[in-house]
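For reference, upload.cif (mmCIF, C-alpha atoms):
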data_upload
#
loop_
_atom_site.label_atom_id
_atom_site.label_comp_id
_atom_site.auth_asym_id
_atom_site.auth_seq_id
_atom_site.Cartn_x
_atom_site.Cartn_y
_atom_site.Cartn_z
CA MET A 1 7.66 -103.02 -91.50
CA PRO A 2 6.50 -106.30 -89.98
CA GLU A 3 2.89 -106.46 -88.87
CA ASP A 4 3.91 -107.19 -85.27
CA ASN A 5 5.50 -103.72 -85.16
CA ALA A 6 2.12 -102.03 -85.35
CA PHE A 7 1.63 -99.27 -82.80
CA PRO A 8 -0.96 -99.70 -80.05
CA GLU A 9 -4.04 -97.57 -80.42
CA LEU A 10 -4.12 -94.44 -78.28
CA ALA A 11 -7.09 -92.33 -77.25
CA VAL A 12 -6.13 -89.38 -79.45
CA PRO A 13 -9.05 -86.93 -79.86
CA GLY A 14 -10.82 -86.85 -83.21
CA GLY A 15 -9.34 -84.52 -85.81
CA ILE A 16 -5.83 -84.80 -84.33
CA CYS A 17 -3.15 -86.72 -86.20
CA PRO A 18 -1.01 -89.07 -84.08
CA VAL A 19 2.51 -88.61 -85.51
CA ARG A 20 4.85 -91.62 -85.32
CA LEU A 21 8.32 -92.51 -86.55
CA THR A 22 8.34 -96.07 -87.87
CA ALA A 23 12.01 -96.35 -88.83
CA LEU A 24 15.16 -94.35 -88.19
CA LYS A 25 18.60 -94.45 -89.79
CA VAL A 26 21.72 -92.40 -89.07
CA ALA A 27 25.06 -92.31 -90.86
CA ASP A 28 28.33 -90.68 -89.78
CA PHE A 29 26.50 -88.88 -86.96
CA ARG A 30 28.52 -88.34 -83.75
CA ASN A 31 29.69 -91.82 -82.67
CA TYR A 32 27.47 -93.69 -85.16
CA ALA A 33 29.11 -94.85 -88.38
CA SER A 34 25.80 -96.40 -89.37
CA ALA A 35 22.80 -97.47 -87.32
CA ALA A 36 19.14 -98.25 -87.94
CA ILE A 37 16.13 -99.17 -85.87
CA GLU A 38 12.54 -100.10 -86.57
CA VAL A 39 10.26 -98.30 -84.16
CA ALA A 40 7.45 -100.38 -82.70
CA SER A 41 6.15 -98.52 -79.66
CA ASN A 42 4.78 -95.17 -78.56
CA ALA A 43 7.47 -95.12 -75.84
CA VAL A 44 10.97 -95.95 -77.06
CA VAL A 45 13.53 -96.32 -74.27
CA LEU A 46 17.22 -96.02 -75.10
CA VAL A 47 19.45 -97.54 -72.42
CA GLY A 48 23.16 -98.02 -72.02
CA PRO A 49 26.20 -96.75 -70.17
CA ASN A 50 27.24 -93.11 -70.19
CA GLY A 51 28.92 -92.18 -73.46
CA ALA A 52 27.27 -94.99 -75.43
CA GLY A 53 25.42 -92.62 -77.77
CA LYS A 54 21.92 -92.38 -76.28
CA THR A 55 21.79 -88.58 -76.35
CA ASN A 56 23.45 -88.58 -79.76
CA LEU A 57 20.50 -90.53 -81.16
CA LEU A 58 18.04 -88.04 -79.63
CA GLU A 59 20.08 -85.25 -81.17
CA ALA A 60 19.81 -86.92 -84.58
CA ILE A 61 16.02 -87.04 -84.21
CA SER A 62 15.97 -83.38 -83.20
CA TYR A 63 17.30 -82.50 -86.66
CA LEU A 64 13.97 -83.63 -88.07
CA SER A 65 12.80 -80.13 -87.10
CA PRO A 66 14.03 -76.68 -88.18
CA GLY A 67 16.93 -75.20 -86.27
CA ARG A 68 20.22 -76.36 -84.82
CA GLY A 69 19.17 -79.43 -82.88
CA LEU A 70 18.98 -80.03 -79.15
CA ARG A 71 22.65 -79.23 -78.53
CA ARG A 72 22.70 -76.18 -80.86
CA ALA A 73 25.91 -77.55 -82.33
CA ARG A 74 27.54 -76.34 -85.50
CA LEU A 75 26.52 -78.61 -88.35
CA GLY A 76 30.05 -79.81 -89.02
CA ASP A 77 30.62 -80.67 -85.36
CA VAL A 78 28.06 -83.50 -85.34
CA ALA A 79 29.83 -85.33 -88.16
CA ARG A 80 31.59 -88.49 -86.99
CA ILE A 81 35.26 -88.09 -86.21
CA GLY A 82 37.10 -90.09 -88.83
CA GLY A 83 34.24 -89.82 -91.32
CA ALA A 84 34.13 -87.89 -94.58
CA GLY A 85 32.81 -84.73 -92.91
CA GLY A 86 29.12 -85.11 -93.75
CA TRP A 87 26.26 -86.84 -91.94
CA ALA A 88 22.71 -88.01 -92.56
CA VAL A 89 19.50 -88.75 -90.65
CA ALA A 90 16.54 -90.46 -92.33
CA THR A 91 13.16 -91.57 -91.08
CA ASP A 92 9.91 -93.08 -92.21
CA VAL A 93 7.14 -91.09 -90.55
CA GLU A 94 3.41 -91.35 -90.28
CA GLY A 95 3.00 -87.61 -90.25
CA ALA A 96 0.40 -84.88 -90.36
CA VAL A 97 0.17 -85.03 -94.15
CA GLY A 98 0.42 -88.81 -94.45
CA PRO A 99 3.32 -91.27 -94.72
CA ALA A 100 6.61 -89.75 -95.82
CA ARG A 101 10.28 -90.56 -96.01
CA ILE A 102 12.29 -87.66 -94.63
CA GLY A 103 16.02 -87.21 -94.90
CA THR A 104 18.28 -84.43 -93.70
CA GLY A 105 22.00 -84.01 -93.39
CA LEU A 106 25.15 -82.23 -94.35
CA VAL A 107 27.21 -82.90 -97.45
CA ALA A 108 30.93 -82.74 -96.72
CA GLY A 109 32.30 -79.34 -97.66
CA GLU A 110 28.95 -77.55 -97.60
CA ALA A 111 27.70 -75.06 -94.99
CA THR A 112 23.94 -75.68 -94.92
CA ARG A 113 22.05 -78.87 -94.31
CA GLN A 114 19.82 -80.41 -96.92
CA VAL A 115 16.28 -81.75 -96.58
CA ARG A 116 14.59 -84.30 -98.81
CA ILE A 117 10.96 -85.39 -98.63
CA ASP A 118 10.27 -88.65 -100.46
CA GLY A 119 13.53 -88.15 -102.32
CA THR A 120 12.73 -84.60 -103.50
CA PRO A 121 15.12 -81.81 -102.41
CA GLN A 122 13.45 -79.02 -100.43
CA LYS A 123 14.27 -75.35 -99.97
CA GLY A 124 15.15 -74.80 -96.34
CA THR A 125 14.09 -76.74 -93.25
CA ASP A 126 10.73 -75.11 -92.49
CA ILE A 127 8.85 -77.78 -94.47
CA LEU A 128 9.75 -80.29 -91.76
CA SER A 129 7.13 -78.66 -89.52
CA ASP A 130 4.43 -79.70 -91.99
CA HIS A 131 5.11 -83.34 -91.17
CA LEU A 132 6.06 -83.38 -87.50
CA ARG A 133 6.88 -81.18 -84.51
CA VAL A 134 9.77 -82.13 -82.23
CA MET A 135 10.25 -81.07 -78.61
CA TRP A 136 12.91 -82.00 -76.08
CA LEU A 137 14.02 -81.84 -72.48
CA THR A 138 17.68 -82.46 -71.60
CA PRO A 139 19.79 -82.27 -68.42
CA ALA A 140 21.45 -79.14 -69.83
CA MET A 141 18.09 -77.38 -69.38
CA ASP A 142 17.95 -78.09 -65.64
CA GLY A 143 19.49 -74.68 -64.90
CA LEU A 144 16.98 -72.85 -67.08
CA PHE A 145 15.36 -70.93 -64.21
CA THR A 146 18.64 -69.81 -62.64
CA GLY A 147 20.63 -69.15 -65.80
CA PRO A 148 20.76 -66.04 -68.00
CA ALA A 149 17.63 -64.55 -69.56
CA SER A 150 18.97 -65.43 -73.02
CA ASP A 151 18.55 -69.14 -72.20
CA ARG A 152 14.90 -68.62 -71.27
CA ARG A 153 14.25 -66.57 -74.42
CA ARG A 154 15.79 -69.32 -76.55
CA PHE A 155 13.71 -71.94 -74.73
CA LEU A 156 10.54 -69.90 -75.23
CA ASP A 157 11.30 -69.29 -78.90
CA ARG A 158 11.61 -73.04 -79.38
CA LEU A 159 8.19 -73.49 -77.79
CA VAL A 160 6.70 -70.80 -80.04
CA LEU A 161 8.30 -72.37 -83.12
CA SER A 162 6.47 -75.64 -82.45
CA VAL A 163 3.09 -73.90 -82.80
CA ASP A 164 4.12 -71.15 -85.23
CA PRO A 165 6.72 -72.39 -87.77
CA ALA A 166 7.26 -68.84 -89.10
CA HIS A 167 8.51 -67.63 -85.72
CA GLY A 168 12.08 -68.78 -86.28
CA ARG A 169 12.38 -66.73 -89.46
CA ARG A 170 11.00 -63.65 -87.69
CA VAL A 171 13.47 -64.00 -84.81
CA ALA A 172 16.39 -64.46 -87.22
CA ALA A 173 15.33 -61.47 -89.33
CA PHE A 174 14.89 -59.32 -86.21
CA GLU A 175 18.35 -60.21 -84.91
CA GLN A 176 19.87 -59.52 -88.32
CA ALA A 177 18.19 -56.11 -88.51
CA LEU A 178 19.29 -55.34 -84.96
CA THR A 179 22.90 -56.14 -85.85
CA GLY A 180 22.59 -53.90 -88.90
CA ARG A 181 21.31 -50.98 -86.80
CA ASN A 182 24.13 -51.34 -84.29
CA ARG A 183 26.67 -51.19 -87.10
CA LEU A 184 25.00 -48.16 -88.64
CA LEU A 185 25.08 -46.37 -85.29
CA GLU A 186 28.83 -46.92 -85.06
CA ASP A 187 29.30 -44.89 -88.24
CA HIS A 188 28.48 -41.24 -87.48
CA ARG A 189 28.32 -40.54 -91.23
CA THR A 190 25.41 -42.92 -91.80
CA ASP A 191 22.56 -41.50 -93.86
CA PRO A 192 19.57 -41.16 -91.48
CA ALA A 193 17.36 -42.69 -94.19
CA TRP A 194 19.19 -45.99 -93.76
CA LEU A 195 18.54 -45.93 -90.04
CA ASP A 196 14.89 -45.02 -90.63
CA ALA A 197 14.41 -48.03 -92.89
CA THR A 198 16.26 -50.41 -90.57
CA GLU A 199 14.35 -49.21 -87.51
CA ALA A 200 11.04 -49.63 -89.31
CA GLN A 201 11.96 -53.27 -89.97
CA ILE A 202 13.07 -53.74 -86.35
CA ALA A 203 9.82 -52.27 -85.01
CA GLU A 204 7.63 -54.47 -87.22
CA LEU A 205 9.55 -57.67 -86.52
CA GLY A 206 10.12 -56.92 -82.84
CA VAL A 207 6.43 -56.45 -82.12
CA ALA A 208 5.59 -59.62 -84.07
CA VAL A 209 8.14 -61.61 -82.05
CA ALA A 210 6.90 -60.22 -78.74
CA ALA A 211 3.25 -60.84 -79.65
CA ALA A 212 3.91 -64.46 -80.68
CA ARG A 213 5.76 -65.12 -77.44
CA GLY A 214 2.96 -63.51 -75.45
CA GLU A 215 0.26 -65.59 -77.12
CA THR A 216 2.18 -68.80 -76.47
CA VAL A 217 2.76 -67.92 -72.82
CA ALA A 218 -0.95 -67.14 -72.36
CA CYS A 219 -1.92 -70.51 -73.86
CA LEU A 220 0.61 -72.36 -71.73
CA ALA A 221 -0.66 -70.67 -68.59
CA ARG A 222 -4.14 -71.96 -69.45
CA LEU A 223 -3.08 -75.52 -70.31
CA ALA A 224 -0.71 -75.93 -67.38
CA ASP A 225 -3.79 -76.19 -65.17
CA GLU A 226 -5.50 -78.82 -67.33
CA THR A 227 -3.27 -81.86 -66.92
CA GLY A 228 -5.71 -84.14 -65.09
CA PRO A 229 -5.03 -86.17 -61.94
CA ALA A 230 -1.59 -87.40 -63.07
CA GLY A 231 -0.53 -83.79 -63.57
CA GLU A 232 -0.63 -83.22 -59.81
CA ALA A 233 2.83 -84.82 -59.68
CA PHE A 234 4.24 -81.87 -61.61
CA PRO A 235 3.49 -78.46 -60.04
CA ARG A 236 1.83 -75.77 -62.12
CA ALA A 237 4.06 -72.93 -63.23
CA GLY A 238 3.03 -69.30 -63.41
CA LEU A 239 4.44 -67.65 -66.54
CA THR A 240 4.97 -63.95 -67.18
CA LEU A 241 6.83 -62.17 -69.96
CA GLU A 242 8.83 -59.22 -68.70
CA GLY A 243 9.89 -56.50 -71.13
CA ASP A 244 9.01 -53.07 -72.48
CA LEU A 245 7.23 -54.32 -75.59
CA GLU A 246 5.36 -57.00 -73.65
CA ALA A 247 4.14 -54.43 -71.13
CA ALA A 248 3.03 -52.14 -73.94
CA LEU A 249 1.18 -54.94 -75.77
CA ALA A 250 -0.85 -55.60 -72.63
CA LYS A 251 -2.31 -52.09 -72.89
CA ALA A 252 -2.36 -51.22 -76.59
CA SER A 253 -2.79 -52.75 -80.04
CA ALA A 254 0.14 -54.16 -81.99
CA SER A 255 0.05 -51.27 -84.47
CA GLU A 256 0.14 -48.74 -81.63
CA VAL A 257 3.06 -50.51 -79.97
CA GLU A 258 4.89 -50.68 -83.30
CA ASP A 259 4.52 -46.90 -83.71
CA TRP A 260 5.78 -46.34 -80.15
CA TYR A 261 8.75 -48.66 -80.64
CA LEU A 262 9.71 -46.93 -83.87
CA ARG A 263 9.66 -43.52 -82.17
CA ASP A 264 11.68 -44.89 -79.25
CA LEU A 265 14.34 -46.33 -81.55
CA ALA A 266 14.75 -43.01 -83.34
CA ALA A 267 14.92 -41.05 -80.09
CA ALA A 268 17.41 -43.47 -78.53
CA ARG A 269 20.09 -43.41 -81.23
CA SER A 270 22.58 -41.42 -79.16
CA ARG A 271 21.96 -43.57 -76.09
CA ASP A 272 22.28 -46.85 -78.01
CA ARG A 273 25.38 -45.61 -79.85
CA ALA A 274 27.05 -44.91 -76.51
CA ALA A 275 25.96 -48.29 -75.14
CA GLY A 276 27.11 -50.13 -78.26
CA ARG A 277 23.81 -51.99 -78.49
CA THR A 278 20.05 -51.50 -78.76
CA LEU A 279 18.64 -51.32 -75.25
CA VAL A 280 14.91 -51.79 -75.90
CA GLY A 281 13.23 -54.71 -77.65
CA PRO A 282 12.28 -58.38 -77.34
CA HIS A 283 15.97 -59.32 -77.30
CA ARG A 284 16.00 -57.90 -73.75
CA SER A 285 12.88 -59.65 -72.48
CA ASP A 286 12.72 -62.41 -69.91
CA LEU A 287 10.38 -65.28 -69.06
CA ALA A 288 9.56 -65.19 -65.36
CA VAL A 289 8.47 -68.55 -63.93
CA THR A 290 6.78 -68.99 -60.56
CA TYR A 291 5.97 -72.09 -58.50
CA LEU A 292 2.33 -71.12 -58.01
CA ALA A 293 1.46 -73.45 -55.13
CA LYS A 294 4.18 -71.81 -53.04
CA ALA A 295 4.03 -68.35 -54.61
CA MET A 296 7.79 -68.67 -55.07
CA PRO A 297 10.03 -67.78 -58.03
CA ALA A 298 11.21 -70.94 -59.75
CA ALA A 299 14.80 -69.77 -59.35
CA LEU A 300 14.41 -70.03 -55.55
CA SER A 301 12.77 -73.46 -55.59
CA SER A 302 14.66 -76.65 -54.84
CA THR A 303 16.42 -78.56 -57.61
CA GLY A 304 13.73 -81.24 -57.54
CA GLU A 305 10.95 -78.67 -57.68
CA GLN A 306 12.60 -76.93 -60.62
CA LYS A 307 12.85 -80.23 -62.49
CA ALA A 308 9.18 -81.00 -61.81
CA LEU A 309 8.15 -77.49 -62.90
CA LEU A 310 10.12 -77.86 -66.13
CA ILE A 311 8.59 -81.26 -66.90
CA GLY A 312 5.10 -79.87 -66.25
CA LEU A 313 5.81 -76.95 -68.55
CA VAL A 314 7.04 -79.21 -71.37
CA LEU A 315 4.01 -81.48 -71.02
CA ALA A 316 1.68 -78.47 -71.11
CA HIS A 317 3.45 -77.39 -74.27
CA ALA A 318 2.94 -80.84 -75.79
CA ARG A 319 -0.77 -80.37 -75.18
CA LEU A 320 -0.64 -76.95 -76.79
CA VAL A 321 1.06 -78.29 -79.93
CA THR A 322 -1.57 -81.02 -80.13
CA GLU A 323 -4.38 -78.51 -79.77
CA LEU A 324 -3.12 -75.83 -82.18
CA ALA A 325 -1.21 -77.86 -84.79
CA ARG A 326 -3.76 -80.71 -84.70
CA MET A 327 -0.94 -83.23 -84.50
CA THR A 328 0.82 -84.90 -81.59
CA PRO A 329 4.46 -83.89 -81.17
CA LEU A 330 7.55 -86.05 -80.93
CA LEU A 331 8.94 -85.79 -77.40
CA LEU A 332 12.66 -86.38 -76.69
CA LEU A 333 13.35 -86.83 -72.96
CA ASP A 334 17.01 -87.26 -72.08
CA GLU A 335 17.79 -88.84 -68.68
CA ILE A 336 14.28 -87.84 -67.62
CA THR A 337 13.74 -90.42 -64.87
CA ALA A 338 17.09 -90.05 -63.12
CA HIS A 339 15.76 -87.74 -60.39
CA LEU A 340 12.11 -88.80 -60.32
CA ASP A 341 10.65 -90.97 -57.59
CA PRO A 342 8.47 -93.96 -58.60
CA GLY A 343 5.26 -91.95 -58.22
CA ARG A 344 6.42 -89.23 -60.59
CA ARG A 345 7.76 -91.79 -63.08
CA GLU A 346 4.34 -93.41 -63.14
CA ALA A 347 2.65 -90.03 -63.50
CA LEU A 348 4.96 -89.11 -66.39
CA ALA A 349 4.13 -92.35 -68.20
CA GLY A 350 0.41 -91.70 -67.69
CA LEU A 351 0.60 -88.17 -69.03
CA ILE A 352 2.55 -89.22 -72.13
CA ASP A 353 -0.10 -91.84 -72.86
CA GLU A 354 -2.87 -89.33 -72.17
CA ILE A 355 -1.44 -86.76 -74.58
CA GLY A 356 -0.78 -89.48 -77.16
CA THR A 357 2.69 -88.20 -78.00
CA HIS A 358 5.43 -90.43 -79.42
CA ALA A 359 8.23 -90.32 -76.85
CA PHE A 360 11.91 -91.27 -76.97
CA LEU A 361 13.50 -91.55 -73.51
CA THR A 362 17.03 -92.29 -72.36
CA GLY A 363 18.52 -93.74 -69.17
CA THR A 364 21.16 -96.09 -67.88
CA ASP A 365 18.81 -98.62 -66.24
CA PRO A 366 15.73 -100.21 -67.90
CA VAL A 367 14.17 -100.65 -64.45
CA MET A 368 13.58 -96.89 -64.29
CA PHE A 369 11.07 -97.24 -67.15
CA GLU A 370 8.88 -100.06 -65.89
CA ALA A 371 5.91 -97.66 -65.59
CA PHE A 372 5.89 -97.18 -69.37
CA SER A 373 3.62 -99.97 -70.59
CA GLY A 374 4.32 -101.44 -74.02
CA ARG A 375 7.71 -99.74 -74.16
CA GLN A 376 10.34 -100.72 -76.71
CA VAL A 377 13.81 -100.97 -75.17
CA ILE A 378 16.87 -100.39 -77.34
CA GLU A 379 20.40 -100.69 -76.02
CA ALA A 380 23.13 -98.34 -77.21
CA VAL A 381 26.70 -99.59 -76.90
CA ASP A 382 29.66 -97.85 -78.52
CA GLY A 383 27.75 -96.54 -81.50
CA THR A 384 25.66 -99.66 -82.09
CA LEU A 385 21.98 -100.30 -81.36
CA ARG A 386 20.17 -103.52 -80.54
CA SER A 387 16.64 -104.26 -79.38
CA LEU A 388 16.05 -105.77 -75.95
CA ASP A 389 12.97 -107.53 -74.66
CA ALA A 390 10.71 -105.00 -72.90
#
This entry written out as structure tokens:
Amino acid sequence: MPEDNAFPELAVPGGICPVRLTALKVADFRNYASAAIEVASNAVVLVGPNGAGKTNLLEAISYLSPGRGLRRARLGDVARIGGAGGWAVATDVEGAVGPARIGTGLVAGEATRQVRIDGTPQKGTDILSDHLRVMWLTPAMDGLFTGPASDRRRFLDRLVLSVDPAHGRRVAAFEQALTGRNRLLEDHRTDPAWLDATEAQIAELGVAVAAARGETVACLARLADETGPAGEAFPRAGLTLEGDLEAALAKASASEVEDWYLRDLAAARSRDRAAGRTLVGPHRSDLAVTYLAKAMPAALSSTGEQKALLIGLVLAHARLVTELARMTPLLLLDEITAHLDPGRREALAGLIDEIGTHAFLTGTDPVMFEAFSGRQVIEAVDGTLRSLDA
């Protein structure tokens, strides 16, 4: 990396690691046959016409974290049409445990993606969280407050995962156990001992999932009010978890709630068999969001207010990751400035600098990013990338 690509110094608090990508390569990913960039700024702006591949590059970066990426696509679906069927993303990162070369991708014909750290194969994707945490905000999330509760649970679980890397495994194990119970209930000849064992697993995992969500929501509620003067551009959101387990955890210990949930599952077998699903648990919970200044549910706020609330929530979460993980997150902001006035664009740039996060932003017009000082502008055109003067 040339010396003139050094990152500017940011006022990151002592004891916190500023995480930065310094180089990025993709191969056979979406519309990119092969592309590479050297990263030289804390704010990287990707510009170009619609369909040029800006969001595709953000999606590639999102695979540097556990999970299914920002589009939740099937692994084979992100492989380039006309390619061999596999794909790869590689980066040089100044991460929480020092410099590392990270690669991930799918080998054609295989079902799970691989991860390599400094050339060494890894088991699973969880190890990625040791090096960096990745967060994102996309236009597809604009309907979060008015859409189904499942979208808000998925959004919240992604927030929890950024501060608690084990959360994803707990959610997956809970959902698997829940599916197993539903199948057992369909068979009237099932040995009750099998249901007892499955329900014990559901109760333990379900309470752990609900508790982790609750702790994250409580921390976000605290940090949403600590964004400084620039944060006034993005209204503070009130956050509440609604659900049976969440209500119980507010009044009793986790072990007491686990015992109650286990008894409820056993007592509700006939009811759940008739319904064809388990009716109580964190899979039925919802995240209620309120525009506090107006005492109004976010779902009833204007489109612009909802966007501002969502941005404020994501920025509060970036602060939370920094505080708890002791590292700054990578922030992927797709078409973020399209509906922001100049004042809010300037406030967003100030908050990103204040948090010290490494941000990748997309848009069609470089003018929309003039508030981001020291930005690096990269143009995407038909699956190719080239640097522009900032």
Applied to this file, what does the PyMOL selection byres ((chain A and resi 17-32) around 8) return in terms of residues, put as a tab-separated table (two decimals) with C-alpha atoms, in the frame of the given file?
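Okay, out10.tsv is ready:
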chain	number	residue	atom	x	y	z
A	1	MET	CA	7.66	-103.02	-91.50
A	12	VAL	CA	-6.13	-89.38	-79.45
A	15	GLY	CA	-9.34	-84.52	-85.81
A	16	ILE	CA	-5.83	-84.80	-84.33
A	33	ALA	CA	29.11	-94.85	-88.38
A	34	SER	CA	25.80	-96.40	-89.37
A	35	ALA	CA	22.80	-97.47	-87.32
A	36	ALA	CA	19.14	-98.25	-87.94
A	37	ILE	CA	16.13	-99.17	-85.87
A	38	GLU	CA	12.54	-100.10	-86.57
A	39	VAL	CA	10.26	-98.30	-84.16
A	40	ALA	CA	7.45	-100.38	-82.70
A	42	ASN	CA	4.78	-95.17	-78.56
A	53	GLY	CA	25.42	-92.62	-77.77
A	56	ASN	CA	23.45	-88.58	-79.76
A	60	ALA	CA	19.81	-86.92	-84.58
A	78	VAL	CA	28.06	-83.50	-85.34
A	79	ALA	CA	29.83	-85.33	-88.16
A	80	ARG	CA	31.59	-88.49	-86.99
A	81	ILE	CA	35.26	-88.09	-86.21
A	83	GLY	CA	34.24	-89.82	-91.32
A	86	GLY	CA	29.12	-85.11	-93.75
A	87	TRP	CA	26.26	-86.84	-91.94
A	88	ALA	CA	22.71	-88.01	-92.56
A	89	VAL	CA	19.50	-88.75	-90.65
A	90	ALA	CA	16.54	-90.46	-92.33
A	91	THR	CA	13.16	-91.57	-91.08
A	92	ASP	CA	9.91	-93.08	-92.21
A	93	VAL	CA	7.14	-91.09	-90.55
A	94	GLU	CA	3.41	-91.35	-90.28
A	95	GLY	CA	3.00	-87.61	-90.25
A	96	ALA	CA	0.40	-84.88	-90.36
A	132	LEU	CA	6.06	-83.38	-87.50
A	326	ARG	CA	-3.76	-80.71	-84.70
A	327	MET	CA	-0.94	-83.23	-84.50
A	328	THR	CA	0.82	-84.90	-81.59
A	329	PRO	CA	4.46	-83.89	-81.17
A	330	LEU	CA	7.55	-86.05	-80.93
A	356	GLY	CA	-0.78	-89.48	-77.16
A	357	THR	CA	2.69	-88.20	-78.00
A	358	HIS	CA	5.43	-90.43	-79.42
A	382	ASP	CA	29.66	-97.85	-78.52
A	383	GLY	CA	27.75	-96.54	-81.50
A	384	THR	CA	25.66	-99.66	-82.09
Could you give me, as JSON lines, a per-residue list for stretch 232-274 of chain A showing, wherever an atom lies at most 10 Å from an atom of stretch 305-310 of chain A, the closest pair of atoms and their distance in Å to one decimal, using all atoms listed in the file and sorting by chain then residue number from low to high?
{"residue": "A:Ala233", "atom": "CA", "partner": "A:Ala308", "partner_atom": "CA", "distance": 7.7}
{"residue": "A:Phe234", "atom": "CA", "partner": "A:Ala308", "partner_atom": "CA", "distance": 5.0}
{"residue": "A:Pro235", "atom": "CA", "partner": "A:Leu309", "partner_atom": "CA", "distance": 5.6}
{"residue": "A:Arg236", "atom": "CA", "partner": "A:Leu309", "partner_atom": "CA", "distance": 6.6}
{"residue": "A:Ala237", "atom": "CA", "partner": "A:Leu309", "partner_atom": "CA", "distance": 6.1}
{"residue": "A:Gly238", "atom": "CA", "partner": "A:Leu309", "partner_atom": "CA", "distance": 9.7}
Notebook entry, point to check: Can you tell me how far atom CA of A:Leu249 sits from atom CA of A:Arg183, in Å to one decimal?
Noted result: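 These two atoms are separated by 28.1 Å.
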Note to self: Just want the 12 Å neighbourhood of A:Trp194, counted on all atoms listed in the file, with same-chain residues fewer than 6 positions away dropped. Output as a PyMOL selection string.
What the structure shows: chain A and resi 177+180-185+187+200-201+266
Item checked: Neighbours of point (0.3, -50.4, -75.1) within 12 Å, using all atoms listed in the file, written as a list of chain:residue names -> A:Val207, A:Ala211, A:Asp244, A:Leu245, A:Glu246, A:Ala247, A:Ala248, A:Leu249, A:Ala250, A:Lys251, A:Ala252, A:Ser253, A:Ala254, A:Ser255, A:Glu256, A:Val257, A:Glu258, A:Asp259, A:Trp260, A:Tyr261
Could you write out the selected residues, including C-alpha atoms, as an mmCIF file, in the coordinates of the input?
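Okay, part35.cif is ready:
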data_model
loop_
_atom_site.group_PDB
_atom_site.id
_atom_site.type_symbol
_atom_site.label_atom_id
_atom_site.label_comp_id
_atom_site.auth_asym_id
_atom_site.auth_seq_id
_atom_site.Cartn_x
_atom_site.Cartn_y
_atom_site.Cartn_z
ATOM 1 C CA VAL A 207 6.430 -56.450 -82.120
ATOM 2 C CA ALA A 211 3.250 -60.840 -79.650
ATOM 3 C CA ASP A 244 9.010 -53.070 -72.480
ATOM 4 C CA LEU A 245 7.230 -54.320 -75.590
ATOM 5 C CA GLU A 246 5.360 -57.000 -73.650
ATOM 6 C CA ALA A 247 4.140 -54.430 -71.130
ATOM 7 C CA ALA A 248 3.030 -52.140 -73.940
ATOM 8 C CA LEU A 249 1.180 -54.940 -75.770
ATOM 9 C CA ALA A 250 -0.850 -55.600 -72.630
ATOM 10 C CA LYS A 251 -2.310 -52.090 -72.890
ATOM 11 C CA ALA A 252 -2.360 -51.220 -76.590
ATOM 12 C CA SER A 253 -2.790 -52.750 -80.040
ATOM 13 C CA ALA A 254 0.140 -54.160 -81.990
ATOM 14 C CA SER A 255 0.050 -51.270 -84.470
ATOM 15 C CA GLU A 256 0.140 -48.740 -81.630
ATOM 16 C CA VAL A 257 3.060 -50.510 -79.970
ATOM 17 C CA GLU A 258 4.890 -50.680 -83.300
ATOM 18 C CA ASP A 259 4.520 -46.900 -83.710
ATOM 19 C CA TRP A 260 5.780 -46.340 -80.150
ATOM 20 C CA TYR A 261 8.750 -48.660 -80.640
#
Next item on the list: Measuring atom to atom with all atoms listed in the file, identify which of A:Lys54, A:Arg72, A:Arg101, A:His167 is nearest to A:Arg116.
Entry: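 Selected residue with least distance to A:Arg116: A:Arg101.
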Next item on the list: Identify, on the basis of all atoms listed in the file, every residue whose closest approach to A:Thr216 does not exceed 9 Å; exclude the query and any residue fewer than 6 positions from it along the same chain; express the result as a list in words.
Entry: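 Listing them by chain and then by number gives Leu156, Leu159, Val160, Val163, His317 and Leu320 of chain A.
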Item checked: Spatial sel., origin (14.0, -93.3, -74.5), limit 6 Å, all atoms listed in the file, listed as JSON, numbers by chain -> {"A": [44, 45, 46, 360, 361, 362]}
